[in-house]
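Everything below belongs to target_29.txt, which stores compact mmCIF, C-alpha atoms.
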```txt
# COMPACT_ATOMS: atom_id res chain seq x y z
CA MET A 50 78.15 -67.33 -204.30
CA ALA A 51 79.70 -64.03 -205.26
CA GLY A 52 78.13 -60.70 -204.44
CA ALA A 53 74.83 -59.77 -202.94
CA THR A 54 71.62 -61.42 -203.92
CA MET A 55 67.95 -60.72 -203.45
CA GLN A 56 64.78 -62.70 -203.18
CA VAL A 57 62.65 -62.60 -206.31
CA ASN A 58 59.04 -63.65 -206.74
CA ILE A 59 57.32 -63.44 -210.07
CA VAL A 60 53.60 -64.08 -209.90
CA ALA A 61 50.91 -64.04 -212.56
CA ALA A 62 47.25 -63.67 -211.70
CA ASP A 63 46.57 -67.37 -212.13
CA ARG A 64 49.80 -68.94 -210.95
CA PRO A 65 53.24 -68.20 -209.54
CA LEU A 66 55.78 -68.03 -212.36
CA TRP A 67 59.15 -68.12 -210.69
CA SER A 68 60.76 -67.58 -207.35
CA GLY A 69 64.29 -67.74 -206.11
CA THR A 70 67.37 -65.65 -205.54
CA ALA A 71 68.90 -63.39 -208.13
CA LYS A 72 71.83 -61.09 -208.74
CA SER A 73 69.96 -58.69 -210.91
CA VAL A 74 66.58 -58.22 -212.55
CA THR A 75 65.58 -56.10 -215.51
CA ILE A 76 61.97 -54.99 -215.76
CA PRO A 77 60.01 -53.11 -218.41
CA ALA A 78 59.03 -50.13 -216.24
CA SER A 79 56.42 -47.84 -217.68
CA GLU A 80 59.03 -45.15 -218.34
CA GLY A 81 61.56 -47.49 -219.90
CA GLY A 82 63.64 -50.44 -218.82
CA MET A 83 64.83 -50.53 -215.25
CA GLY A 84 67.52 -52.67 -213.71
CA ILE A 85 67.24 -53.70 -210.09
CA LEU A 86 70.19 -54.84 -208.04
CA PRO A 87 70.16 -56.19 -204.50
CA ASN A 88 69.53 -53.65 -201.74
CA HIS A 89 67.77 -51.27 -204.04
CA GLU A 90 65.71 -48.64 -202.26
CA PRO A 91 62.07 -49.59 -201.66
CA VAL A 92 60.15 -48.88 -204.82
CA LEU A 93 56.73 -49.51 -206.27
CA THR A 94 56.65 -49.24 -210.02
CA VAL A 95 54.14 -49.81 -212.73
CA ILE A 96 55.38 -51.99 -215.54
CA LYS A 97 54.13 -52.45 -219.07
CA ASP A 98 54.09 -55.38 -221.48
CA GLY A 99 57.58 -56.64 -222.05
CA THR A 100 60.17 -59.03 -220.80
CA VAL A 101 61.36 -59.51 -217.26
CA ALA A 102 64.88 -60.89 -217.17
CA VAL A 103 66.32 -62.44 -214.05
CA VAL A 104 69.98 -63.35 -213.61
CA ASP A 105 70.39 -65.91 -210.87
CA PRO A 106 73.52 -66.31 -208.70
CA ASP A 107 75.04 -68.78 -211.18
CA GLY A 108 74.76 -66.26 -213.95
CA VAL A 109 71.93 -68.11 -215.63
CA ARG A 110 69.41 -65.86 -217.28
CA HIS A 111 65.66 -66.49 -217.06
CA SER A 112 63.31 -64.47 -219.22
CA PHE A 113 59.56 -64.05 -218.86
CA ASP A 114 57.11 -62.45 -221.23
CA VAL A 115 54.69 -60.45 -219.16
CA THR A 116 51.70 -58.19 -219.61
CA ASP A 117 51.21 -55.07 -217.55
CA GLY A 118 51.44 -55.18 -213.79
CA PHE A 119 53.66 -53.76 -211.13
CA ILE A 120 56.74 -54.54 -209.11
CA SER A 121 57.48 -53.78 -205.52
CA PHE A 122 60.88 -53.92 -203.91
CA ASP A 123 61.05 -53.90 -200.16
CA SER A 124 63.55 -55.30 -197.62
CA ASN A 125 65.62 -56.89 -200.39
CA LYS A 126 62.61 -58.73 -201.72
CA LEU A 127 61.36 -58.13 -205.20
CA THR A 128 57.80 -58.99 -206.14
CA VAL A 129 56.77 -58.84 -209.76
CA ALA A 130 53.00 -59.12 -210.11
CA VAL A 131 51.59 -59.31 -213.62
CA GLU A 132 48.28 -60.27 -215.07
CA ARG A 133 49.59 -62.86 -217.49
CA GLY A 134 53.04 -64.15 -218.12
CA HIS A 135 55.01 -67.12 -219.31
CA ASP A 136 58.66 -68.03 -219.58
CA VAL A 137 60.25 -67.47 -222.92
CA VAL A 138 63.67 -68.93 -223.48
CA LYS A 139 63.98 -71.22 -220.53
CA THR A 140 67.56 -70.35 -219.68
CA SER A 141 70.77 -69.43 -221.36
CA GLY A 142 74.15 -70.07 -219.85
CA PRO A 143 76.48 -67.40 -218.51
CA GLY A 144 78.62 -67.23 -221.63
CA ALA A 145 75.94 -68.14 -224.13
CA ALA A 146 76.04 -66.19 -227.36
CA ASP A 147 72.25 -65.94 -227.49
CA ALA A 148 72.09 -63.64 -224.50
CA PRO A 149 72.13 -60.27 -226.19
CA GLU A 150 71.27 -57.89 -223.36
CA THR A 151 72.59 -59.03 -220.05
CA GLY A 152 70.49 -57.64 -217.30
CA ASN A 153 72.80 -55.13 -215.68
CA MET B 203 -0.48 -108.27 -209.96
CA GLY B 204 0.05 -105.86 -212.79
CA SER B 205 2.17 -103.46 -210.70
CA GLN B 206 5.08 -105.88 -210.75
CA LEU B 207 6.11 -104.75 -214.20
CA ALA B 208 5.76 -101.10 -213.17
CA LEU B 209 7.87 -101.70 -210.07
CA LYS B 210 10.53 -103.44 -212.13
CA SER B 211 10.81 -100.56 -214.54
CA ARG B 212 10.93 -98.04 -211.69
CA ILE B 213 13.72 -99.99 -210.07
CA ALA B 214 15.64 -100.06 -213.34
CA SER B 215 15.27 -96.33 -213.91
CA THR B 216 16.20 -95.48 -210.31
CA GLN B 217 19.26 -97.67 -210.62
CA SER B 218 20.40 -95.89 -213.73
CA LEU B 219 19.79 -92.53 -212.02
CA GLU B 220 21.84 -93.73 -209.10
CA LYS B 221 24.69 -94.45 -211.49
CA ILE B 222 24.45 -90.95 -212.91
CA PHE B 223 24.43 -89.34 -209.46
CA ASN B 224 27.34 -91.45 -208.40
CA ALA B 225 29.31 -90.45 -211.49
CA GLN B 226 28.48 -86.78 -210.93
CA GLU B 227 29.62 -87.07 -207.35
CA MET B 228 32.92 -88.53 -208.43
CA ILE B 229 33.37 -85.85 -211.08
CA ALA B 230 32.67 -83.16 -208.50
CA SER B 231 35.13 -84.58 -206.02
CA SER B 232 37.82 -84.74 -208.67
CA HIS B 233 37.10 -81.11 -209.58
CA ILE B 234 37.46 -79.97 -206.01
CA ALA B 235 41.14 -80.80 -206.00
CA ARG B 236 41.54 -78.74 -209.15
CA ALA B 237 39.48 -75.83 -207.80
CA ARG B 238 41.67 -75.79 -204.71
CA GLU B 239 44.80 -75.84 -206.78
CA VAL B 240 43.59 -72.96 -208.93
CA ALA B 241 42.72 -70.95 -205.84
CA LEU B 242 46.11 -71.73 -204.33
CA ASN B 243 47.90 -70.69 -207.51
CA ALA B 244 46.12 -67.36 -207.57
CA LYS B 245 46.98 -66.62 -203.95
CA PRO B 246 50.53 -65.26 -204.40
CA TYR B 247 49.26 -62.68 -206.87
CA SER B 248 46.42 -61.46 -204.68
CA ASP B 249 48.82 -61.38 -201.72
CA ALA B 250 51.26 -59.29 -203.74
CA ILE B 251 48.53 -56.84 -204.71
CA PHE B 252 47.21 -56.71 -201.18
CA ASP B 253 50.69 -55.97 -199.82
CA ALA B 254 51.18 -53.24 -202.40
CA VAL B 255 47.86 -51.62 -201.54
CA GLN B 256 48.73 -51.87 -197.85
CA ALA B 257 52.06 -50.21 -198.55
CA LEU B 258 50.30 -47.48 -200.46
CA ALA B 259 47.84 -46.97 -197.65
CA GLU B 260 50.59 -46.84 -195.05
CA HIS B 261 52.79 -44.34 -196.80
CA THR B 262 50.40 -42.05 -198.48
CA HIS B 263 47.01 -40.66 -198.00
CA ILE B 264 45.18 -42.36 -200.80
CA ASP B 265 43.01 -39.90 -202.58
CA HIS B 266 41.38 -41.69 -205.43
CA PRO B 267 37.77 -42.10 -206.58
CA ILE B 268 37.97 -45.81 -205.85
CA VAL B 269 38.25 -45.21 -202.11
CA LYS B 270 35.72 -42.41 -201.91
CA SER B 271 32.03 -42.95 -202.26
CA ASP B 272 29.67 -40.51 -203.87
CA GLU B 273 26.97 -40.40 -201.21
CA LYS B 274 24.54 -38.45 -203.34
CA ASN B 275 24.31 -41.03 -206.09
CA PRO B 276 21.62 -43.53 -205.11
CA ARG B 277 22.51 -46.05 -207.80
CA VAL B 278 24.40 -49.10 -206.53
CA ALA B 279 25.54 -52.23 -208.30
CA VAL B 280 24.89 -55.73 -207.01
CA LEU B 281 26.79 -58.65 -208.48
CA ALA B 282 25.40 -62.13 -207.79
CA LEU B 283 27.66 -65.10 -208.38
CA THR B 284 25.63 -68.18 -209.31
CA SER B 285 26.54 -71.41 -211.04
CA ASP B 286 26.31 -72.39 -214.69
CA ARG B 287 24.89 -75.83 -214.10
CA GLY B 288 22.34 -77.17 -211.72
CA MET B 289 22.64 -80.30 -209.61
CA ALA B 290 24.38 -78.33 -206.91
CA GLY B 291 21.73 -78.46 -204.25
CA ALA B 292 20.73 -75.10 -202.84
CA TYR B 293 23.82 -73.33 -204.19
CA THR B 294 22.12 -71.01 -206.66
CA SER B 295 18.88 -70.62 -204.74
CA SER B 296 20.65 -69.46 -201.58
CA ILE B 297 22.54 -66.88 -203.62
CA ILE B 298 19.31 -65.69 -205.21
CA ARG B 299 17.57 -65.53 -201.82
CA GLU B 300 20.41 -63.48 -200.36
CA THR B 301 20.50 -61.23 -203.42
CA GLU B 302 16.77 -60.61 -203.21
CA SER B 303 16.98 -59.64 -199.55
CA LEU B 304 19.94 -57.37 -200.27
CA LEU B 305 18.05 -55.72 -203.12
CA ALA B 306 15.02 -55.20 -200.89
CA ASN B 307 17.26 -53.82 -198.16
CA LEU B 308 18.94 -51.36 -200.51
CA THR B 309 15.64 -50.24 -201.99
CA ASP B 310 14.37 -49.59 -198.46
CA LYS B 311 17.34 -47.36 -197.88
CA GLY B 312 16.38 -45.31 -200.91
CA LYS B 313 19.01 -46.76 -203.20
CA GLU B 314 18.48 -47.90 -206.75
CA PRO B 315 20.16 -51.27 -207.07
CA GLN B 316 21.31 -52.47 -210.46
CA LEU B 317 21.74 -56.16 -210.88
CA TYR B 318 24.72 -57.90 -212.46
CA VAL B 319 24.57 -61.67 -212.69
CA TYR B 320 27.27 -64.25 -213.24
CA GLY B 321 26.35 -67.86 -213.99
CA ARG B 322 23.74 -69.33 -216.32
CA ARG B 323 21.36 -70.45 -213.56
CA GLY B 324 21.06 -66.98 -212.13
CA VAL B 325 20.74 -65.42 -215.57
CA THR B 326 17.86 -67.71 -216.56
CA TYR B 327 16.17 -67.12 -213.20
CA TYR B 328 16.07 -63.38 -213.71
CA LYS B 329 15.38 -63.53 -217.47
CA TYR B 330 12.41 -65.82 -216.86
CA ARG B 331 10.96 -63.37 -214.39
CA GLY B 332 11.52 -60.50 -216.77
CA ARG B 333 13.77 -58.65 -214.35
CA GLN B 334 16.06 -55.92 -215.49
CA VAL B 335 19.68 -57.07 -215.40
CA ALA B 336 22.47 -54.64 -216.22
CA ALA B 337 24.97 -57.20 -217.45
CA THR B 338 25.46 -60.94 -217.33
CA TRP B 339 28.34 -63.36 -217.71
CA GLU B 340 28.05 -67.05 -218.41
CA GLY B 341 30.41 -69.96 -218.68
CA ASP B 342 33.29 -71.28 -216.63
CA SER B 343 31.59 -70.83 -213.28
CA ASP B 344 33.39 -73.94 -212.05
CA LYS B 345 36.81 -72.80 -213.23
CA PRO B 346 36.83 -69.03 -213.55
CA GLY B 347 39.92 -67.72 -215.32
CA VAL B 348 41.63 -64.38 -215.35
CA ASP B 349 39.76 -63.33 -218.50
CA ILE B 350 36.32 -63.51 -216.96
CA ALA B 351 37.51 -61.73 -213.81
CA GLU B 352 38.98 -59.04 -216.02
CA SER B 353 35.78 -58.62 -218.01
CA ILE B 354 33.65 -58.44 -214.85
CA SER B 355 35.89 -55.97 -213.09
CA ASN B 356 36.24 -53.79 -216.19
CA THR B 357 32.47 -53.59 -216.62
CA LEU B 358 31.87 -52.82 -212.96
CA LEU B 359 34.71 -50.31 -212.69
CA ASP B 360 33.41 -48.57 -215.81
CA ALA B 361 30.01 -48.30 -214.17
CA TYR B 362 31.61 -47.09 -210.96
CA MET B 363 33.86 -44.49 -212.59
CA LYS B 364 31.09 -43.06 -214.74
CA PRO B 365 29.62 -39.80 -213.42
CA ALA B 366 26.31 -40.15 -211.62
CA ASP B 367 24.35 -38.33 -214.30
CA GLN B 368 25.52 -40.80 -216.93
CA GLY B 369 24.25 -43.81 -215.07
CA GLY B 370 27.25 -44.47 -212.90
CA VAL B 371 26.96 -46.35 -209.63
CA SER B 372 28.30 -45.31 -206.26
CA GLU B 373 28.75 -48.69 -204.58
CA LEU B 374 29.32 -52.28 -205.51
CA TYR B 375 28.13 -55.27 -203.54
CA ILE B 376 29.04 -58.85 -204.33
CA VAL B 377 26.94 -61.80 -203.25
CA PHE B 378 29.07 -64.92 -203.33
CA THR B 379 29.53 -68.21 -201.55
CA GLU B 380 32.50 -68.56 -199.29
CA PHE B 381 34.19 -71.92 -199.17
CA VAL B 382 34.62 -72.70 -195.48
CA ASN B 383 35.24 -76.41 -195.84
CA MET B 384 33.89 -79.40 -197.70
CA VAL B 385 30.58 -79.42 -195.87
CA VAL B 386 30.12 -75.77 -194.99
CA GLN B 387 29.76 -73.05 -197.60
CA LYS B 388 28.47 -69.69 -196.53
CA VAL B 389 26.68 -67.10 -198.61
CA ARG B 390 28.25 -63.71 -198.02
CA VAL B 391 27.66 -60.15 -199.06
CA LEU B 392 30.74 -58.05 -199.56
CA ARG B 393 30.93 -54.35 -200.27
CA MET B 394 33.69 -54.20 -202.81
CA LEU B 395 33.53 -50.56 -203.83
CA PRO B 396 34.42 -48.05 -202.60
CA VAL B 397 37.47 -49.83 -201.28
CA GLU B 398 38.08 -49.66 -197.59
CA VAL B 399 41.79 -49.76 -197.20
CA VAL B 400 42.69 -50.41 -193.63
CA PRO B 401 46.25 -49.39 -192.99
CA GLU B 402 48.45 -50.53 -190.11
CA GLU B 403 47.78 -53.47 -187.82
CA ARG B 404 49.91 -55.69 -189.93
CA GLN B 405 50.68 -58.48 -187.53
CA ASP B 406 53.76 -59.92 -189.07
CA SER B 407 54.55 -63.36 -187.84
CA GLY B 408 57.38 -63.42 -185.35
CA PRO B 409 58.59 -60.66 -183.10
CA VAL B 410 60.11 -57.63 -184.78
CA PRO B 411 63.21 -56.34 -183.01
CA GLU B 412 63.05 -52.67 -182.22
CA SER B 413 66.21 -51.98 -184.15
CA THR B 414 64.41 -52.82 -187.35
CA ALA B 415 61.65 -50.31 -186.78
CA ALA B 416 62.94 -48.28 -189.68
CA GLN B 417 62.91 -51.36 -191.82
CA ALA B 418 59.30 -52.04 -190.96
CA THR B 419 58.19 -48.85 -192.66
CA PRO B 420 60.34 -48.55 -195.74
CA LEU B 421 60.04 -45.27 -197.55
CA TYR B 422 58.82 -46.16 -200.94
CA THR B 423 59.48 -44.32 -204.11
CA PHE B 424 56.65 -44.50 -206.54
CA GLU B 425 57.44 -44.54 -210.19
CA PRO B 426 56.48 -42.91 -212.47
CA SER B 427 54.29 -41.06 -209.95
CA LEU B 428 52.08 -41.90 -207.03
CA GLU B 429 49.00 -41.05 -209.04
CA LYS B 430 49.92 -43.34 -211.89
CA VAL B 431 50.76 -46.15 -209.50
CA LEU B 432 47.38 -45.75 -207.81
CA ASN B 433 45.61 -45.66 -211.14
CA ALA B 434 47.32 -48.86 -212.16
CA ILE B 435 47.14 -50.81 -208.93
CA LEU B 436 43.70 -50.07 -207.52
CA PRO B 437 41.81 -51.47 -210.52
CA LYS B 438 44.04 -54.53 -210.40
CA TYR B 439 43.27 -54.85 -206.72
CA ILE B 440 39.56 -54.86 -207.48
CA GLN B 441 40.06 -57.38 -210.24
CA SER B 442 42.05 -59.64 -208.00
CA ARG B 443 39.42 -59.40 -205.25
CA ILE B 444 36.71 -60.26 -207.76
CA HIS B 445 38.80 -63.16 -209.03
CA GLU B 446 39.16 -64.37 -205.46
CA CYS B 447 35.39 -64.26 -205.01
CA LEU B 448 34.93 -66.18 -208.25
CA LEU B 449 37.41 -68.81 -207.16
CA THR B 450 35.96 -69.35 -203.71
CA SER B 451 32.49 -69.49 -205.28
CA ALA B 452 33.69 -72.07 -207.77
CA ALA B 453 35.11 -74.22 -204.99
CA SER B 454 31.84 -73.87 -203.06
CA GLU B 455 29.83 -74.77 -206.13
CA THR B 456 31.82 -77.92 -206.67
CA ALA B 457 31.62 -78.86 -203.00
CA SER B 458 27.90 -78.29 -202.81
CA ARG B 459 27.45 -80.25 -206.03
CA GLN B 460 29.36 -83.12 -204.50
CA ASN B 461 27.23 -82.99 -201.37
CA ALA B 462 24.01 -82.81 -203.34
CA MET B 463 25.05 -85.71 -205.54
CA HIS B 464 26.09 -87.73 -202.53
CA THR B 465 22.67 -87.25 -200.96
CA ALA B 466 20.99 -88.04 -204.26
CA THR B 467 22.97 -91.27 -204.59
CA ASP B 468 21.97 -92.29 -201.06
CA ASN B 469 18.33 -91.46 -201.73
CA ALA B 470 18.35 -93.42 -204.97
CA ARG B 471 19.84 -96.39 -203.16
CA ASN B 472 17.16 -96.24 -200.45
CA LEU B 473 14.49 -95.95 -203.07
CA VAL B 474 15.79 -99.00 -204.92
CA ASP B 475 15.78 -100.96 -201.65
CA GLU B 476 12.25 -99.91 -200.87
CA LEU B 477 10.99 -100.66 -204.35
CA THR B 478 12.69 -104.05 -204.34
CA ARG B 479 10.94 -104.85 -201.06
CA LYS B 480 7.60 -103.84 -202.57
CA LEU B 481 8.31 -105.90 -205.66
CA ASN B 482 9.11 -108.97 -203.55
CA ALA B 483 6.01 -108.47 -201.44
CA SER B 484 3.81 -108.18 -204.46
CA ARG B 485 5.39 -111.24 -206.10
CA GLN B 486 4.87 -113.16 -202.87
CA ALA B 487 1.28 -112.00 -202.72
CA SER B 488 0.60 -113.13 -206.23
CA ILE B 489 2.18 -116.55 -205.57
CA THR B 490 0.07 -116.93 -202.43
CA GLN B 491 -3.02 -115.99 -204.34
CA GLU B 492 -2.27 -118.50 -207.09
CA LEU B 493 -1.71 -121.21 -204.48
CA THR B 494 -5.01 -120.53 -202.73
CA GLU B 495 -6.74 -120.57 -206.07
CA ILE B 496 -5.22 -123.94 -206.98
CA ILE B 497 -5.99 -125.44 -203.57
CA GLY B 498 -9.48 -124.02 -203.65
CA SER B 499 -10.24 -125.45 -207.07
CA ALA B 500 -8.67 -128.84 -206.14
CA ASP B 501 -10.92 -128.92 -203.07
CA ALA B 502 -13.93 -128.15 -205.21
CA LEU B 503 -13.02 -130.97 -207.64
CA ASN B 504 -12.53 -133.43 -204.73
CA LYS B 505 -15.93 -132.55 -203.33
CA GLU B 506 -17.60 -133.19 -206.70
CA GLU B 507 -16.03 -136.66 -206.94
CA GLU B 508 -17.41 -137.73 -203.55
```

Is it possible to express this structure as C-alpha cells?
Amino acid sequence: MAGATMQVNIVAADRPLWSGTAKSVTIPASEGGMGILPNHEPVLTVIKDGTVAVVDPDGVRHSFDVTDGFISFDSNKLTVAVERGHDVVKTSGPGAADAPETGN
Amino acid sequence: MGSQLALKSRIASTQSLEKIFNAQEMIASSHIARAREVALNAKPYSDAIFDAVQALAEHTHIDHPIVKSDEKNPRVAVLALTSDRGMAGAYTSSIIRETESLLANLTDKGKEPQLYVYGRRGVTYYKYRGRQVAATWEGDSDKPGVDIAESISNTLLDAYMKPADQGGVSELYIVFTEFVNMVVQKVRVLRMLPVEVVPEERQDSGPVPESTAAQATPLYTFEPSLEKVLNAILPKYIQSRIHECLLTSAASETASRQNAMHTATDNARNLVDELTRKLNASRQASITQELTEIIGSADALNKEEE
C-alpha cells in the first residue's frame, strides 16, 4: 500500500453508504469542490448536492451522489454525513478511460 | 338446549379471531427485526451529527437561536408521537395520557401549549374531541423514513424560528415511547428545543495517553464560516433527533402490538376452551334429560300394562 491513507465513513440519514480506507476524497463543499488528502487539518465543512468521489488505496474510484450535508475531518478520520445518497458508477479501475476527473 | 347452536357459533367466531390475532402477532414480530435494522442503519448518521455538534460546542461558544430560549414567549409546541393503527395495546392511550398531563402542566405554568400530532390514532382522538391541533402527520408510523422526519422538523423549526408576535413558539417538547426491550417500552417527554448542548465529558473508550492531549482537542477550521456551519448543522441535528424519536417509537409500537396480540391470542384460546367446556356440558345435560324422559315414559307405559 503506497502512501498515506485515511479512514472514510460516508453515512446517509437512513443507512451507512460506504466505509473504508482511502487515498483521497473529493467533496462538493459549499464554496466549490474540495479535495481531502490524509492528515488534513481538522475541518468541519458544509457540503451541497453533488458527487463525493473516493479513491481507495488500490486506485479504484467510488462515486456517490449526495444531497446536502456536512463533512468532518478529525484525527485522520473523515466522516461524510448527508441526508440522502446513493452510489453512482459502482467503481472504475485505476486506468479506466471513463474516469474523467480523478480526485486529486 | 337451544344455546348449543349459539355456543357453537361463538366458538367458531372466537377461533377465527384467534387466527387473526395470531397472524397479527407474527406480522408484528417479523416487523420488529426490520424496525431494529432501520434504527441501526440510522445510527451512524445521528452519531456523526452528534459528534459534529459536540465538536462545535467544545471549540466555540455556540450563539444561535436554536440554543437560546425566548423566555418571554409563552407559546410552546408539544409533539405527540402516536401510532397509525390500533391493536397495539395501550401504546397510543399512554402517549395521550402523558401528553394531556404535560399540557395541563404547561398550562399551569402559564404557557400556551400548541399541539402537534403524529399518527392517525392520535389525530382522530383529538379531531373527535374538537381539540385545536397545529399540525398533524399520518402514515408510516411503523416505518418512519427520512422524508417524514424532514417534514416534521421543518414545520417545528419554522414555528420555533418565527418571531413571538407572529405565532412562533419558544420551546418544543416531544412525547414519545422509548424502546427499552421487547417487553418494556417507556413513555418519555423530551425537551427538544432549545437544544441543550453539553460540551466536554466525552468518555472515550480506552485510556488516552497524555501525549495525545493535543490530539484530543483538534482545532477545527469551519468552512465556509462558523455561522454557516451552525446554520446548516443545528437544524440537521434536530431532524436527526426527531428521526431517532420516530424510530424508537416505531420499534415500541411494533413491540407493544406484538405483546397485545400475544395476549389476545392467549385470551381467545382460553375463551375457546371455556366455551367448548360449556358446549359439552350443555350437550351432556340435554342427553341426560332425553334419557330421563325416555325412561320416565317407558316406566309409565309399563305401569299401564300391569

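The residue that comes closest to Ala61 in chain A, out of B:Ile213, B:Ala225, B:Ala290, B:Ile251 and on the basis of all atoms listed in the file, is B:Ile251.
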
Chain A near chain B within 9 Å: what's each residue's closest atom pair and its distance in Å to one decimal, counting all atoms listed in the file, ordered by chain then ascending residue number, as JSON lines?
```
{"residue": "A:Asn58", "atom": "CA", "partner": "B:Pro246", "partner_atom": "CA", "distance": 9.0}
{"residue": "A:Ile59", "atom": "CA", "partner": "B:Tyr247", "partner_atom": "CA", "distance": 8.7}
{"residue": "A:Val60", "atom": "CA", "partner": "B:Tyr247", "partner_atom": "CA", "distance": 5.5}
{"residue": "A:Ala61", "atom": "CA", "partner": "B:Tyr247", "partner_atom": "CA", "distance": 6.1}
{"residue": "A:Ala62", "atom": "CA", "partner": "B:Tyr247", "partner_atom": "CA", "distance": 5.3}
{"residue": "A:Asp63", "atom": "CA", "partner": "B:Ala244", "partner_atom": "CA", "distance": 4.6}
{"residue": "A:Arg64", "atom": "CA", "partner": "B:Asn243", "partner_atom": "CA", "distance": 4.3}
{"residue": "A:Pro65", "atom": "CA", "partner": "B:Asn243", "partner_atom": "CA", "distance": 6.2}
{"residue": "A:Ala78", "atom": "CA", "partner": "B:Glu425", "partner_atom": "CA", "distance": 8.4}
{"residue": "A:Ser79", "atom": "CA", "partner": "B:Pro426", "partner_atom": "CA", "distance": 7.2}
{"residue": "A:Glu80", "atom": "CA", "partner": "B:Pro426", "partner_atom": "CA", "distance": 6.8}
{"residue": "A:Glu90", "atom": "CA", "partner": "B:Tyr422", "partner_atom": "CA", "distance": 7.4}
{"residue": "A:Pro91", "atom": "CA", "partner": "B:Tyr422", "partner_atom": "CA", "distance": 4.8}
{"residue": "A:Val92", "atom": "CA", "partner": "B:Thr423", "partner_atom": "CA", "distance": 4.7}
{"residue": "A:Leu93", "atom": "CA", "partner": "B:Phe424", "partner_atom": "CA", "distance": 5.0}
{"residue": "A:Thr94", "atom": "CA", "partner": "B:Glu425", "partner_atom": "CA", "distance": 4.8}
{"residue": "A:Val95", "atom": "CA", "partner": "B:Val431", "partner_atom": "CA", "distance": 5.9}
{"residue": "A:Gly118", "atom": "CA", "partner": "B:Ala434", "partner_atom": "CA", "distance": 7.7}
{"residue": "A:Phe119", "atom": "CA", "partner": "B:Ile435", "partner_atom": "CA", "distance": 7.5}
{"residue": "A:Ile120", "atom": "CA", "partner": "B:Ala254", "partner_atom": "CA", "distance": 8.8}
{"residue": "A:Ser121", "atom": "CA", "partner": "B:Ala254", "partner_atom": "CA", "distance": 7.1}
{"residue": "A:Phe122", "atom": "CA", "partner": "B:Tyr422", "partner_atom": "CA", "distance": 8.6}
{"residue": "A:Asp123", "atom": "CA", "partner": "B:Pro420", "partner_atom": "CA", "distance": 7.0}
{"residue": "A:Ser124", "atom": "CA", "partner": "B:Gln417", "partner_atom": "CA", "distance": 7.0}
{"residue": "A:Thr128", "atom": "CA", "partner": "B:Ala250", "partner_atom": "CA", "distance": 7.0}
{"residue": "A:Val129", "atom": "CA", "partner": "B:Ala250", "partner_atom": "CA", "distance": 8.2}
{"residue": "A:Ala130", "atom": "CA", "partner": "B:Tyr247", "partner_atom": "CA", "distance": 6.1}
{"residue": "A:Val131", "atom": "CA", "partner": "B:Tyr247", "partner_atom": "CA", "distance": 7.9}
{"residue": "A:Glu132", "atom": "CA", "partner": "B:Val348", "partner_atom": "CA", "distance": 7.8}
{"residue": "A:Arg133", "atom": "CA", "partner": "B:Val348", "partner_atom": "CA", "distance": 8.4}
```

Do you know which residues lie at most 9 Å from (30.9, -55.6, -198.3), with coordinates as in the file and all atoms listed in the file counted, and could you write them as an mmCIF file with C-alpha atoms, in the frame of the given file?
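That gives us part-v4.cif:
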```cif
data_model
loop_
_atom_site.group_PDB
_atom_site.id
_atom_site.type_symbol
_atom_site.label_atom_id
_atom_site.label_comp_id
_atom_site.auth_asym_id
_atom_site.auth_seq_id
_atom_site.Cartn_x
_atom_site.Cartn_y
_atom_site.Cartn_z
ATOM 1 C CA LEU B 374 29.320 -52.280 -205.510
ATOM 2 C CA TYR B 375 28.130 -55.270 -203.540
ATOM 3 C CA ILE B 376 29.040 -58.850 -204.330
ATOM 4 C CA VAL B 377 26.940 -61.800 -203.250
ATOM 5 C CA ARG B 390 28.250 -63.710 -198.020
ATOM 6 C CA VAL B 391 27.660 -60.150 -199.060
ATOM 7 C CA LEU B 392 30.740 -58.050 -199.560
ATOM 8 C CA ARG B 393 30.930 -54.350 -200.270
ATOM 9 C CA MET B 394 33.690 -54.200 -202.810
ATOM 10 C CA LEU B 395 33.530 -50.560 -203.830
#
```

To one decimal place, how far is CA of Glu429 in chain B from CA of Pro365 in chain B in Å?
19.9 Å

Students should find that CA of Ser215 in chain B and CA of Asn472 in chain B are spaced 13.6 Å

Would you list the contacts of Ile444 in chain B as a list in words, taking every protein, DNA or RNA residue within 8 Å and counting only C-alpha atoms, but skipping same-chain residues closer than 6 positions in sequence?
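Within the cut-off, the hits are Ala351, Ile354 and Ser355 of chain B.
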
All file atoms of range 61-77 of chain A boxed axis-aligned, 6 Å per side, centre plus edges, as lines of an AutoDock Vina configuration file:
```
center_x = 59.2
center_y = -61.0
center_z = -212.0
size_x = 37.3
size_y = 27.8
size_z = 24.9
```

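In this model, the gap between CA of Ala214 in chain B and CA of Val474 in chain B comes to 8.5 Å.
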
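Residues surrounding Pro77 in chain A within 8 Å are Gly81, Gly82, Met83, Ile96, Lys97, Asp98, Gly99, Thr100 and Val101 of chain A [all atoms listed in the file; sequence separation below 4 positions excluded].
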
Would you pull range 68-72 of chain A out of the block just shown and save N, CA, C and O atoms as a tab-separated table (two decimals), in the first residue's frame?
```tsv
chain	number	residue	atom	x	y	z
A	68	SER	N	-17.79	2.63	3.88
A	68	SER	CA	-16.73	2.95	4.82
A	68	SER	C	-15.50	2.14	4.46
A	68	SER	O	-15.62	1.05	3.89
A	69	GLY	N	-14.36	2.70	4.71
A	69	GLY	CA	-13.13	2.02	4.37
A	69	GLY	C	-11.97	3.01	4.38
A	69	GLY	O	-12.10	4.12	4.89
A	70	THR	N	-10.86	2.58	3.82
A	70	THR	CA	-9.71	3.48	3.77
A	70	THR	C	-9.63	4.09	2.38
A	70	THR	O	-10.12	3.53	1.41
A	71	ALA	N	-9.01	5.25	2.32
A	71	ALA	CA	-8.91	5.94	1.03
A	71	ALA	C	-7.65	6.76	0.95
A	71	ALA	O	-7.06	7.14	1.97
A	72	LYS	N	-7.22	6.99	-0.29
A	72	LYS	CA	-6.05	7.85	-0.53
A	72	LYS	C	-6.46	9.30	-0.65
A	72	LYS	O	-5.72	10.19	-0.25
```
